[in-house]
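Asker: Handing you this structure, nothing more for now.
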Amino acid sequence: MKVLINQQKHYFNSNTTKPLAFRIEQLKKLKTVLKIHEQELTAAIFNDFQKGSFNTFLTEFAGLYADLDKAIKKLAKWAKIKRVGTNMLNFPASSYIMPEPLGVCLIIGSWNYPVNLTMAPAIAAIAAGNTVVIKPSELTTHTSAALSNVIKSNFDSSFLAVVEGGVEETTELLEQPFDKIFFTGSIPVGRIVYKAAAKNLIPVTLELGGKSPLIVAPDANLKICVKRLVWGKFVNAGQTCIAPDYVLVHKSIEKKFLETLKTEIEQGQFSLANQNYAQIISEKHLDRLVSLIDPAKVFVGGDYDRSKRLLAPTVLVNVSPEDKVMEDEIFGPILPVLTYEDIDYAISFIKARPKPLGLYLFSESSTLRKKILNEVSFGGGMVNDVLMHFVNDELPFGGVGNSGMGNYHGEAGFKSFSHYKSVIKKPTWFELPLKYYPFAKWKSAMVKWVVGS
Ligand code: NAD
């Protein structure tokens with residue numbers, strides 16, 4: 001590993017990655033390579049957890065191609081040196097801000113969207129002019145191997161490399177003097193990464209998880225709400241960091257909401273019988289999820305097939321805040337439904353817990369929308385839909401508090417992998433003797449006048 005990092009340091013220090021033409025060429029190449037190997041990677045993802053090709057294209061590749069096109073088109077603008085004003089104390093001079101790449105970057109990915117969540121940050125890092133080491137999750141074994149082969153056979157490892165492995169290899173990587181670490185994964189491992197990075201004062205972006213609430217107000221369009229909720233919750237079998245974790249529905253519409261929800265789930269897009277319904281990633285994960293289901297509270301679903309690692313879309317009712325299912329992020333196809341009567345109760349319920357990665361509100365009321373957006377802190381979210389904010393690359397994507405720090409997508413990704421160097425350029429033909437000895441009265445009067453005090 002040390003050798004690889006040294007090679008990348010050497011390559012970065014050769015300045016090869018800095019010209020925009022090089023970055024654009026690599027981004028174009030990456031797009032071609034991903035397109036050529038899309039089927040192979042899709043098959044690997046299917047082998048890992050039975051995710052169907054339509055959803056794989058939609059949730060893994062579509063966003064990457066859009067990211068690549070955007071970066072190629074906008075790079076010159078993002079990388080432009082920005083002239084800013086100069087204060088009087090520095091007169092005469094010109095000041096500017098110059099984005100520069102950070103250097104050798106480590107990207108650690110999670111398994112739930114194994115291609116997107118490693119390649120999207122890699123695109124941002126390449127656009128910003130860095131070299132990159134990607135560490136995919138060991139849980140998606142086939143995808144990790146396929147990604148490694150694809151990158152190895154198309155890119156010089158001094159520029160872009162994949163290191164496969166689990167805890168041991170990641171621990172070793174975390175000891176290396178990277179210039180940036182971008183981590184996507186769980187909160188406990190996020191803490192480990194943050195601590196390791198602190199040792200070498202490495203800047204980090206942490207894309208973590210948490211319990212994202214979905215609020216259904218009395219005036220919500222229930223049909224649309226439920227349609228969008230069912231897709232967003234059960235696609236990838238609920239193994240999505242921004243999936244709605246639990247529902248807070250107004251008591252007055254609880255019954256109607258639940259009936260509509262049941263009808264929508266019974267349409268069968270996500271069911272044990274559907275060949276494209278994603279598997280739970282491992283038996284251990286399935287066991288954890290099953291242990292969260294209180295059979296007395298099952299309204300829909302609850303059944304599972306251990307041999308196939310499948311768990312049916314499951315809705316729990318009469319859930320109390322003390323139930324086990326309300327402790328940690330569920331990260332599976334279980335949806336607890338809680339009720340509220342007063343919106344201030346719902347808000348204080350959310351605020352009493354760690355700041356979530358996502359928040360969703362279904363309501364037609366602009367007063368309610370403004371109130372929630374103003375009063376509740378969360379990474380990002382939507383009004384009247386779920387998940388889709390992830391694919392708008394005009395929006396920085398990331399968490400706040402326990403759900404993460406930093407963000408990416410579009411220009412935010414470029415910024416995440418750049419340092420903004422501030423420079424003042426001064427001419428030598430003029431020298432104001434203001435700051436030099438002897439300190440005459442007129443000098444202090446002039447300084448006071450210049451700074452406005
Ligand atoms: P994880 O934290 O278990 O693993 C993530 C990565 O860390 C993997 O590459 C793994 O090899 C490595 N890792 C695991 N244990 C480690 C250790 N002790 N030391 C060093 N490295 C270690 O997370 P996961 O199970 O792959 O993913 C699920 C979690 O990720 C959920 O909490 C989910 O919300 C979150 N997530 C967040 C986002 C986001 O964009 N915010 C996206 C996807 C997933």
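Every chain in the structure tokens takes a letter, A first, then B, and so on in the order presented; its residues are numbered from 1, and the ligands are numbered from 1 following the presented order.
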Please find the residues contacting ligand 1 at a distance of at most 8 Å between atoms, with only C-alpha atoms and all ligand atoms counted, and report them as a CSV table (one decimal) with all heavy atoms, in the first residue's frame.
Answerer:
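File selection_13.csv, as written:
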chain,number,residue,atom,x,y,z
A,108,ILE,N,-13.5,5.7,0.3
A,108,ILE,CA,-14.0,4.5,0.9
A,108,ILE,C,-15.5,4.4,0.7
A,108,ILE,O,-16.2,5.3,1.1
A,108,ILE,CB,-13.7,4.4,2.4
A,108,ILE,CG1,-12.2,4.6,2.7
A,108,ILE,CG2,-14.1,3.1,3.0
A,108,ILE,CD1,-11.8,4.7,4.2
A,109,GLY,N,-15.9,3.3,0.1
A,109,GLY,CA,-17.3,3.2,-0.3
A,109,GLY,C,-18.1,2.2,0.5
A,109,GLY,O,-17.5,1.3,1.2
A,110,SER,N,-19.4,2.3,0.5
A,110,SER,CA,-20.3,1.4,1.2
A,110,SER,C,-20.8,0.4,0.1
A,110,SER,O,-20.6,0.6,-1.1
A,110,SER,CB,-21.5,2.1,1.9
A,110,SER,OG,-22.2,2.8,0.9
A,111,TRP,N,-21.5,-0.6,0.5
A,111,TRP,CA,-21.9,-1.7,-0.4
A,111,TRP,C,-23.3,-1.4,-1.1
A,111,TRP,O,-23.6,-2.1,-2.1
A,111,TRP,CB,-22.0,-3.0,0.3
A,111,TRP,CG,-22.9,-3.0,1.5
A,111,TRP,CD1,-22.5,-2.8,2.8
A,111,TRP,CD2,-24.3,-3.1,1.5
A,111,TRP,NE1,-23.6,-2.8,3.6
A,111,TRP,CE2,-24.7,-3.0,2.9
A,111,TRP,CE3,-25.3,-3.3,0.6
A,111,TRP,CZ2,-26.0,-3.0,3.3
A,111,TRP,CZ3,-26.6,-3.4,0.9
A,111,TRP,CH2,-27.0,-3.2,2.3
A,112,ASN,N,-24.1,-0.5,-0.6
A,112,ASN,CA,-25.5,-0.5,-1.0
A,112,ASN,C,-25.7,0.1,-2.4
A,112,ASN,O,-26.6,-0.3,-3.1
A,112,ASN,CB,-26.4,0.3,0.0
A,112,ASN,CG,-25.9,1.7,0.3
A,112,ASN,OD1,-24.7,2.0,0.2
A,112,ASN,ND2,-26.9,2.5,0.6
A,113,TYR,N,-24.8,1.0,-2.9
A,113,TYR,CA,-24.8,1.4,-4.3
A,113,TYR,C,-23.3,1.4,-4.6
A,113,TYR,O,-22.6,2.4,-4.7
A,113,TYR,CB,-25.4,2.8,-4.5
A,113,TYR,CG,-26.9,2.8,-4.2
A,113,TYR,CD1,-27.4,3.1,-2.9
A,113,TYR,CD2,-27.8,2.5,-5.2
A,113,TYR,CE1,-28.7,3.1,-2.7
A,113,TYR,CE2,-29.1,2.4,-4.9
A,113,TYR,CZ,-29.6,2.7,-3.7
A,113,TYR,OH,-31.0,2.7,-3.4
A,117,LEU,N,-21.5,5.0,-5.4
A,117,LEU,CA,-20.9,5.7,-4.2
A,117,LEU,C,-19.4,5.7,-4.2
A,117,LEU,O,-18.8,6.3,-3.3
A,117,LEU,CB,-21.5,5.1,-3.0
A,117,LEU,CG,-23.1,5.3,-2.9
A,117,LEU,CD1,-23.6,4.7,-1.6
A,117,LEU,CD2,-23.4,6.8,-2.9
A,135,LYS,N,-11.5,2.4,-2.3
A,135,LYS,CA,-11.6,1.1,-1.5
A,135,LYS,C,-13.1,0.8,-1.5
A,135,LYS,O,-13.9,1.3,-0.7
A,135,LYS,CB,-11.1,1.4,-0.1
A,135,LYS,CG,-10.4,0.2,0.6
A,135,LYS,CD,-11.4,-1.0,0.8
A,135,LYS,CE,-12.5,-0.7,1.8
A,135,LYS,NZ,-13.4,-1.8,1.9
A,136,PRO,N,-13.6,-0.1,-2.4
A,136,PRO,CA,-15.0,-0.5,-2.3
A,136,PRO,C,-15.3,-1.4,-1.1
A,136,PRO,O,-14.4,-1.9,-0.5
A,136,PRO,CB,-15.2,-1.3,-3.7
A,136,PRO,CG,-13.9,-1.3,-4.4
A,136,PRO,CD,-12.8,-0.9,-3.4
A,137,SER,N,-16.6,-1.6,-0.9
A,137,SER,CA,-16.9,-2.5,0.2
A,137,SER,C,-16.6,-3.9,-0.1
A,137,SER,O,-16.8,-4.4,-1.2
A,137,SER,CB,-18.4,-2.3,0.5
A,137,SER,OG,-18.8,-3.3,1.5
A,138,GLU,N,-16.2,-4.7,0.9
A,138,GLU,CA,-15.9,-6.1,0.7
A,138,GLU,C,-17.2,-6.9,0.7
A,138,GLU,O,-17.2,-8.1,0.3
A,138,GLU,CB,-15.0,-6.6,1.8
A,138,GLU,CG,-15.6,-6.7,3.3
A,138,GLU,CD,-15.7,-5.3,4.0
A,138,GLU,OE1,-15.6,-4.3,3.3
A,138,GLU,OE2,-15.8,-5.4,5.2
A,139,LEU,N,-18.3,-6.3,1.1
A,139,LEU,CA,-19.6,-7.1,1.1
A,139,LEU,C,-20.1,-7.3,-0.3
A,139,LEU,O,-20.8,-8.3,-0.5
A,139,LEU,CB,-20.6,-6.4,2.0
A,139,LEU,CG,-20.3,-6.3,3.5
A,139,LEU,CD1,-21.4,-5.7,4.3
A,139,LEU,CD2,-19.9,-7.7,4.1
A,165,GLY,N,-10.7,-5.0,-0.2
A,165,GLY,CA,-10.4,-5.6,1.1
A,165,GLY,C,-11.4,-5.1,2.1
A,165,GLY,O,-12.3,-4.3,1.8
A,166,GLY,N,-11.3,-5.6,3.3
A,166,GLY,CA,-12.2,-5.2,4.4
A,166,GLY,C,-11.6,-4.4,5.4
A,166,GLY,O,-10.8,-3.5,5.1
A,167,VAL,N,-11.9,-4.7,6.7
A,167,VAL,CA,-11.4,-3.9,7.8
A,167,VAL,C,-9.9,-3.8,7.9
A,167,VAL,O,-9.3,-2.7,8.0
A,167,VAL,CB,-12.0,-4.4,9.2
A,167,VAL,CG1,-11.4,-3.6,10.3
A,167,VAL,CG2,-13.5,-4.4,9.2
A,168,GLU,N,-9.2,-4.9,7.7
A,168,GLU,CA,-7.8,-4.9,7.8
A,168,GLU,C,-7.1,-4.0,6.8
A,168,GLU,O,-6.3,-3.1,7.1
A,168,GLU,CB,-7.3,-6.4,7.6
A,168,GLU,CG,-5.9,-6.6,8.1
A,168,GLU,CD,-5.4,-8.0,7.7
A,168,GLU,OE1,-6.2,-8.9,7.9
A,168,GLU,OE2,-4.3,-8.2,7.3
A,169,GLU,N,-7.5,-4.1,5.5
A,169,GLU,CA,-6.9,-3.3,4.5
A,169,GLU,C,-7.3,-1.9,4.6
A,169,GLU,O,-6.5,-1.0,4.4
A,169,GLU,CB,-7.4,-3.8,3.1
A,169,GLU,CG,-6.9,-5.2,2.6
A,169,GLU,CD,-7.6,-6.3,3.3
A,169,GLU,OE1,-8.6,-6.1,4.1
A,169,GLU,OE2,-7.1,-7.5,3.1
A,170,THR,N,-8.5,-1.6,5.0
A,170,THR,CA,-9.0,-0.2,5.2
A,170,THR,C,-8.2,0.4,6.4
A,170,THR,O,-7.8,1.6,6.3
A,170,THR,CB,-10.5,-0.1,5.5
A,170,THR,OG1,-11.2,-1.0,4.6
A,170,THR,CG2,-11.0,1.3,5.3
A,171,THR,N,-8.0,-0.3,7.4
A,171,THR,CA,-7.2,0.2,8.6
A,171,THR,C,-5.8,0.6,8.1
A,171,THR,O,-5.3,1.6,8.5
A,171,THR,CB,-7.1,-0.9,9.7
A,171,THR,OG1,-8.4,-1.3,10.0
A,171,THR,CG2,-6.5,-0.4,10.9
A,174,LEU,N,-5.9,3.7,6.1
A,174,LEU,CA,-6.1,4.9,6.9
A,174,LEU,C,-4.9,5.4,7.7
A,174,LEU,O,-4.9,6.5,8.2
A,174,LEU,CB,-7.2,4.6,8.0
A,174,LEU,CG,-8.7,4.5,7.4
A,174,LEU,CD1,-9.7,4.0,8.4
A,174,LEU,CD2,-9.1,5.8,6.8
A,183,PHE,N,-15.4,9.4,2.9
A,183,PHE,CA,-15.9,8.1,3.4
A,183,PHE,C,-17.4,8.1,3.3
A,183,PHE,O,-18.1,9.0,3.7
A,183,PHE,CB,-15.5,8.0,4.9
A,183,PHE,CG,-16.2,6.8,5.5
A,183,PHE,CD1,-15.7,5.5,5.4
A,183,PHE,CD2,-17.3,7.0,6.3
A,183,PHE,CE1,-16.4,4.4,6.0
A,183,PHE,CE2,-18.0,5.9,6.9
A,183,PHE,CZ,-17.5,4.6,6.8
A,184,THR,N,-17.9,7.0,2.7
A,184,THR,CA,-19.4,6.8,2.7
A,184,THR,C,-19.6,5.5,3.5
A,184,THR,O,-19.1,4.4,3.2
A,184,THR,CB,-19.9,6.6,1.3
A,184,THR,OG1,-19.6,7.7,0.6
A,184,THR,CG2,-21.4,6.4,1.3
A,185,GLY,N,-20.4,5.6,4.6
A,185,GLY,CA,-20.7,4.4,5.4
A,185,GLY,C,-21.4,4.7,6.6
A,185,GLY,O,-22.1,5.7,6.8
A,186,SER,N,-21.3,3.8,7.6
A,186,SER,CA,-22.1,3.9,8.8
A,186,SER,C,-21.4,4.9,9.8
A,186,SER,O,-20.3,5.3,9.7
A,186,SER,CB,-22.1,2.6,9.5
A,186,SER,OG,-20.8,2.2,9.9
A,187,ILE,N,-22.2,5.4,10.8
A,187,ILE,CA,-21.8,6.3,11.8
A,187,ILE,C,-20.6,5.8,12.6
A,187,ILE,O,-19.6,6.4,12.8
A,187,ILE,CB,-23.0,6.8,12.6
A,187,ILE,CG1,-23.9,7.6,11.8
A,187,ILE,CG2,-22.5,7.7,13.8
A,187,ILE,CD1,-25.3,7.9,12.4
A,188,PRO,N,-20.7,4.5,13.1
A,188,PRO,CA,-19.6,4.0,13.9
A,188,PRO,C,-18.3,4.0,13.1
A,188,PRO,O,-17.2,4.3,13.7
A,188,PRO,CB,-20.0,2.6,14.3
A,188,PRO,CG,-21.5,2.6,14.2
A,188,PRO,CD,-21.8,3.6,13.1
A,189,VAL,N,-18.3,3.5,11.9
A,189,VAL,CA,-17.1,3.5,11.1
A,189,VAL,C,-16.6,4.9,10.7
A,189,VAL,O,-15.4,5.2,10.7
A,189,VAL,CB,-17.2,2.5,9.9
A,189,VAL,CG1,-15.9,2.5,9.1
A,189,VAL,CG2,-17.6,1.1,10.3
A,190,GLY,N,-17.6,5.8,10.5
A,190,GLY,CA,-17.3,7.2,10.3
A,190,GLY,C,-16.4,7.8,11.4
A,190,GLY,O,-15.5,8.5,11.2
A,192,ILE,N,-14.4,6.0,13.3
A,192,ILE,CA,-13.0,5.4,13.2
A,192,ILE,C,-12.2,6.2,12.1
A,192,ILE,O,-11.1,6.5,12.3
A,192,ILE,CB,-13.2,3.9,12.8
A,192,ILE,CG1,-13.8,3.1,13.9
A,192,ILE,CG2,-11.8,3.3,12.4
A,192,ILE,CD1,-14.2,1.7,13.6
A,193,VAL,N,-12.9,6.5,11.0
A,193,VAL,CA,-12.2,7.2,9.9
A,193,VAL,C,-11.8,8.6,10.4
A,193,VAL,O,-10.6,9.0,10.1
A,193,VAL,CB,-13.1,7.3,8.7
A,193,VAL,CG1,-12.6,8.2,7.6
A,193,VAL,CG2,-13.4,5.8,8.1
A,206,LEU,N,-17.5,13.1,5.4
A,206,LEU,CA,-18.1,11.9,5.9
A,206,LEU,C,-19.6,11.8,5.4
A,206,LEU,O,-20.4,12.7,5.8
A,206,LEU,CB,-18.1,11.8,7.4
A,206,LEU,CG,-16.7,11.8,8.1
A,206,LEU,CD1,-16.8,11.9,9.6
A,206,LEU,CD2,-15.9,10.6,7.7
A,207,GLU,N,-19.9,10.8,4.6
A,207,GLU,CA,-21.3,10.7,4.1
A,207,GLU,C,-21.9,9.5,4.9
A,207,GLU,O,-21.6,8.3,4.6
A,207,GLU,CB,-21.3,10.3,2.6
A,207,GLU,CG,-20.7,11.4,1.7
A,207,GLU,CD,-21.7,12.6,1.6
A,207,GLU,OE1,-22.9,12.5,1.9
A,207,GLU,OE2,-21.2,13.7,1.1
A,208,LEU,N,-22.6,9.8,6.0
A,208,LEU,CA,-23.1,8.8,6.9
A,208,LEU,C,-24.6,8.5,6.8
A,208,LEU,O,-25.2,8.9,5.7
A,208,LEU,CB,-22.7,9.2,8.3
A,208,LEU,CG,-21.2,9.6,8.5
A,208,LEU,CD1,-20.9,10.1,9.9
A,208,LEU,CD2,-20.3,8.5,8.1
A,209,GLY,N,-25.2,8.0,7.8
A,209,GLY,CA,-26.6,7.6,7.7
A,209,GLY,C,-27.4,8.2,8.8
A,209,GLY,O,-27.2,9.3,9.2
A,210,GLY,N,-28.4,7.5,9.2
A,210,GLY,CA,-29.3,8.0,10.3
A,210,GLY,C,-30.7,7.7,10.0
A,210,GLY,O,-31.1,7.1,8.9
A,239,GLN,N,-32.3,-0.6,1.5
A,239,GLN,CA,-30.9,-0.4,1.8
A,239,GLN,C,-30.3,0.9,1.1
A,239,GLN,O,-29.4,0.8,0.3
A,239,GLN,CB,-30.1,-1.7,1.4
A,239,GLN,CG,-30.7,-2.9,2.2
A,239,GLN,CD,-30.2,-4.2,1.6
A,239,GLN,OE1,-29.5,-5.0,2.2
A,239,GLN,NE2,-30.6,-4.5,0.4
A,240,THR,N,-30.9,2.0,1.5
A,240,THR,CA,-30.6,3.3,0.9
A,240,THR,C,-30.4,4.3,2.0
A,240,THR,O,-31.3,4.4,2.9
A,240,THR,CB,-31.7,3.7,-0.1
A,240,THR,OG1,-32.0,2.7,-1.1
A,240,THR,CG2,-31.4,5.1,-0.7
A,241,CYS,N,-29.3,5.0,2.0
A,241,CYS,CA,-29.0,5.9,3.1
A,241,CYS,C,-30.0,6.9,3.3
A,241,CYS,O,-30.3,7.3,4.5
A,241,CYS,CB,-27.6,6.5,2.9
A,241,CYS,SG,-27.5,7.4,1.4
A,242,ILE,N,-30.7,7.4,2.2
A,242,ILE,CA,-31.7,8.5,2.3
A,242,ILE,C,-33.1,7.9,2.3
A,242,ILE,O,-34.0,8.7,2.1
A,242,ILE,CB,-31.5,9.6,1.3
A,242,ILE,CG1,-31.2,8.9,-0.1
A,242,ILE,CG2,-30.4,10.5,1.7
A,242,ILE,CD1,-31.1,9.9,-1.2
A,329,GLU,N,-30.7,3.4,12.7
A,329,GLU,CA,-31.1,3.4,11.3
A,329,GLU,C,-31.5,2.0,10.9
A,329,GLU,O,-30.8,1.0,11.2
A,329,GLU,CB,-29.9,3.9,10.4
A,329,GLU,CG,-30.2,3.9,8.9
A,329,GLU,CD,-28.9,4.2,8.2
A,329,GLU,OE1,-27.8,4.3,8.8
A,329,GLU,OE2,-29.0,4.4,7.0
A,331,PHE,N,-32.2,0.6,7.6
A,331,PHE,CA,-31.5,0.2,6.5
A,331,PHE,C,-32.0,-1.1,5.9
A,331,PHE,O,-31.2,-2.1,5.6
A,331,PHE,CB,-30.0,0.1,6.8
A,331,PHE,CG,-29.1,0.5,5.7
A,331,PHE,CD1,-29.2,1.8,5.1
A,331,PHE,CD2,-28.1,-0.3,5.2
A,331,PHE,CE1,-28.4,2.2,4.1
A,331,PHE,CE2,-27.3,0.0,4.1
A,331,PHE,CZ,-27.4,1.3,3.6
A,357,LEU,N,-30.1,12.5,7.9
A,357,LEU,CA,-29.5,12.8,6.5
A,357,LEU,C,-30.6,13.3,5.6
A,357,LEU,O,-30.3,14.2,4.8
A,357,LEU,CB,-29.0,11.5,6.0
A,357,LEU,CG,-28.3,11.5,4.7
A,357,LEU,CD1,-27.1,12.4,4.7
A,357,LEU,CD2,-27.8,10.1,4.2
A,397,PHE,N,-24.8,17.4,-1.9
A,397,PHE,CA,-25.4,16.3,-1.1
A,397,PHE,C,-24.5,15.9,0.0
A,397,PHE,O,-23.3,15.7,-0.1
A,397,PHE,CB,-25.6,15.0,-2.0
A,397,PHE,CG,-26.1,13.8,-1.3
A,397,PHE,CD1,-27.5,13.7,-1.1
A,397,PHE,CD2,-25.3,12.9,-0.8
A,397,PHE,CE1,-28.0,12.7,-0.4
A,397,PHE,CE2,-25.8,11.8,0.0
A,397,PHE,CZ,-27.2,11.7,0.1
A,398,GLY,N,-25.1,15.9,1.2
A,398,GLY,CA,-24.3,15.5,2.4
A,398,GLY,C,-25.2,15.6,3.7
A,398,GLY,O,-26.3,16.1,3.6
A,399,GLY,N,-24.6,15.2,4.8
A,399,GLY,CA,-25.3,15.2,6.0
A,399,GLY,C,-24.9,16.4,6.9
A,399,GLY,O,-24.1,17.2,6.5
A,403,SER,N,-25.2,12.8,10.8
A,403,SER,CA,-25.4,12.2,9.5
A,403,SER,C,-24.3,12.5,8.5
A,403,SER,O,-24.3,12.1,7.3
A,403,SER,CB,-26.8,12.6,8.9
A,403,SER,OG,-27.0,13.9,8.8
A,404,GLY,N,-23.3,13.3,9.0
A,404,GLY,CA,-22.1,13.5,8.2
A,404,GLY,C,-21.6,14.9,8.2
A,404,GLY,O,-22.2,15.8,8.8
Asker: Quick one: pick out all strand (DSSP E or B) residues within range 144-235 of chain A from a backbone DSSP run and write them as a JSON list (two decimals) with C-alpha atoms, in the first residue's frame.
Answerer:
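part_30.json, freshly written:
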[["chain", "number", "residue", "atom", "x", "y", "z"],
["A", 160, "LEU", "CA", -6.47, 5.92, -10.34],
["A", 161, "ALA", "CA", -6.39, 2.65, -8.39],
["A", 162, "VAL", "CA", -8.72, 0.29, -6.57],
["A", 180, "LYS", "CA", -8.10, 13.81, 1.60],
["A", 181, "ILE", "CA", -10.38, 11.03, 2.78],
["A", 182, "PHE", "CA", -13.91, 10.72, 1.46],
["A", 183, "PHE", "CA", -15.90, 8.13, 3.38],
["A", 184, "THR", "CA", -19.37, 6.75, 2.75],
["A", 204, "VAL", "CA", -12.45, 14.39, 5.54],
["A", 205, "THR", "CA", -15.87, 14.23, 4.02],
["A", 206, "LEU", "CA", -18.13, 11.85, 5.89],
["A", 207, "GLU", "CA", -21.27, 10.65, 4.12],
["A", 212, "SER", "CA", -34.66, 9.99, 8.01],
["A", 213, "PRO", "CA", -38.27, 10.89, 8.87],
["A", 214, "LEU", "CA", -41.18, 11.30, 6.48],
["A", 215, "ILE", "CA", -44.02, 13.53, 7.63],
["A", 216, "VAL", "CA", -47.51, 13.10, 6.18]]
Asker: Excluding Gly358 in chain A and any residue of its chain fewer than 2 positions from it, enumerate the residues within 7 Å of it, using only C-alpha atoms, and give them as a VMD selection string.
Answerer: chain A and resid 212 242 356 360 378 to 381
Asker: Take the residues from that selection and write them out as a short mmCIF file (atom, residue, chain, number, x, y, z; two decimals), in the first residue's frame, keeping all heavy atoms.
Answerer:
data_model
loop_
_atom_site.label_atom_id
_atom_site.label_comp_id
_atom_site.auth_asym_id
_atom_site.auth_seq_id
_atom_site.Cartn_x
_atom_site.Cartn_y
_atom_site.Cartn_z
N SER A 212 -34.04 8.89 8.73
CA SER A 212 -34.66 9.99 8.01
C SER A 212 -36.19 9.92 8.12
O SER A 212 -36.79 8.94 7.67
CB SER A 212 -34.26 9.95 6.53
OG SER A 212 -32.86 10.03 6.41
N ILE A 242 -30.66 7.39 2.21
CA ILE A 242 -31.66 8.46 2.34
C ILE A 242 -33.10 7.93 2.27
O ILE A 242 -34.04 8.71 2.13
CB ILE A 242 -31.46 9.57 1.27
CG1 ILE A 242 -31.16 8.95 -0.09
CG2 ILE A 242 -30.38 10.55 1.69
CD1 ILE A 242 -31.15 9.94 -1.23
N PRO A 356 -31.00 14.16 11.04
CA PRO A 356 -31.06 13.13 10.00
C PRO A 356 -30.41 13.54 8.68
O PRO A 356 -30.22 14.72 8.41
CB PRO A 356 -32.57 12.93 9.80
CG PRO A 356 -33.20 14.20 10.24
CD PRO A 356 -32.29 14.83 11.27
N TYR A 360 -38.46 14.26 4.68
CA TYR A 360 -39.47 14.36 3.62
C TYR A 360 -40.78 14.83 4.22
O TYR A 360 -41.21 14.34 5.26
CB TYR A 360 -39.64 13.01 2.93
CG TYR A 360 -38.31 12.45 2.46
CD1 TYR A 360 -37.69 11.39 3.12
CD2 TYR A 360 -37.65 13.05 1.38
CE1 TYR A 360 -36.45 10.93 2.71
CE2 TYR A 360 -36.40 12.59 0.96
CZ TYR A 360 -35.81 11.53 1.63
OH TYR A 360 -34.58 11.07 1.22
N PHE A 378 -31.45 19.14 8.85
CA PHE A 378 -31.24 17.83 8.24
C PHE A 378 -30.32 18.01 7.03
O PHE A 378 -30.15 19.14 6.54
CB PHE A 378 -32.57 17.17 7.83
CG PHE A 378 -33.44 18.02 6.93
CD1 PHE A 378 -33.36 17.91 5.56
CD2 PHE A 378 -34.34 18.94 7.48
CE1 PHE A 378 -34.15 18.70 4.73
CE2 PHE A 378 -35.13 19.73 6.66
CZ PHE A 378 -35.04 19.61 5.29
N GLY A 379 -29.74 16.91 6.55
CA GLY A 379 -28.78 17.01 5.44
C GLY A 379 -29.39 17.59 4.18
O GLY A 379 -28.91 18.58 3.62
N GLY A 380 -30.46 16.97 3.70
CA GLY A 380 -31.16 17.43 2.51
C GLY A 380 -32.50 16.71 2.46
O GLY A 380 -32.69 15.72 3.17
N GLY A 381 -33.41 17.17 1.63
CA GLY A 381 -34.70 16.49 1.62
C GLY A 381 -35.59 16.96 0.52
O GLY A 381 -35.17 17.65 -0.40
#
Asker: Which one is closest to Val133 in chain A: A:Leu89, A:Val376, A:Val104, A:Ile424? Count only C-alpha atoms.
Answerer: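 Comparing A:Leu89, A:Val376, A:Val104, A:Ile424 against Val133 in chain A, the winner is A:Val104.
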Asker: Mind checking DSSP for range 250-309 of chain A and telling me the alpha helix (DSSP H) residues as number ranges by chain?
Answerer: A: 254-265, 283-291
Asker: Fewer than 3 positions away in the same chain doesn't count, so skip those; otherwise give me all residues within 12 Å of range 12-28 of chain A, counting only C-alpha atoms, as an MDAnalysis selection string.
Answerer: chainID A and resid 5:9 31:35 64:80 99:105 119:120 122:132 151 154:160 178:179 414 418
Asker: Between A:Ala346, A:Ile330, A:Ala198, A:Ile107, which has the minimum distance to Phe417 in chain A (counting only C-alpha atoms)?
Answerer: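 Ranking A:Ala346, A:Ile330, A:Ala198, A:Ile107 by distance to Phe417 in chain A, first place goes to A:Ile107.
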Asker: Per residue of range 289-354 of chain A within 10 Å of range 248-257 of chain A, what are the shortest atom pair and its distance in Å to one decimal, counting only C-alpha atoms, with rows by chain and residue number, as a tab-separated table?
Answerer:
residue	atom	partner	partner_atom	distance
A:Val317	CA	A:Glu254	CA	9.9
A:Pro336	CA	A:Leu248	CA	8.8
A:Val337	CA	A:Leu248	CA	6.2
A:Leu338	CA	A:Leu248	CA	4.9
A:Thr339	CA	A:Val249	CA	4.8
A:Tyr340	CA	A:His250	CA	5.0
A:Glu341	CA	A:Lys251	CA	5.6
A:Asp342	CA	A:His250	CA	8.0
A:Ile343	CA	A:His250	CA	8.4
A:Ala346	CA	A:Leu248	CA	7.0
A:Ile347	CA	A:Leu248	CA	9.9
A:Phe349	CA	A:Leu248	CA	9.5
A:Ile350	CA	A:Leu248	CA	9.7
Asker: Between A:Ser95, A:Ser365, A:Asn200, A:Ser377, which has the minimum distance to Asn221 in chain A (counting only C-alpha atoms)?
Answerer: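 Smallest distance to Asn221 in chain A is found for A:Ser365.
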Asker: Just checking: using only C-alpha atoms, which residue out of A:Asn90, A:Val230, A:Arg83, A:Thr140 ends up closest to Lys435 in chain A?
Answerer: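 Counting only C-alpha atoms, the residue closest to Lys435 in chain A is A:Asn90.
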Asker: Please report, as CSV, each residue of range 206-244 of chain A lying at most 9 Å from range 306-313 of chain A, together with the nearest pair of atoms and the separation in Å rounded to one decimal; use only C-alpha atoms, and order rows by chain and ascending residue number.
Answerer:
residue,atom,partner,partner_atom,distance
A:Val230,CA,A:Pro313,CA,8.8
A:Lys233,CA,A:Pro313,CA,8.7
A:Phe234,CA,A:Pro313,CA,6.6
A:Ala237,CA,A:Pro313,CA,7.6
A:Gly238,CA,A:Pro313,CA,8.6
Asker: Compare A:Gly268, A:Pro177, A:Gly332, A:Gly232 by their minimum atom-to-atom distance to His389 in chain A, counting only C-alpha atoms, and give me the closest one.
Answerer: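 Going through A:Gly268, A:Pro177, A:Gly332, A:Gly232 one by one, the smallest distance to His389 in chain A is for A:Gly232.
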Asker: For the atom pair CA of Asn116 in chain A and CA of Glu60 in chain A, what is the interatomic distance in Å to one decimal place?
Answerer: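 Distance reported for this atom pair: 4.8 Å.
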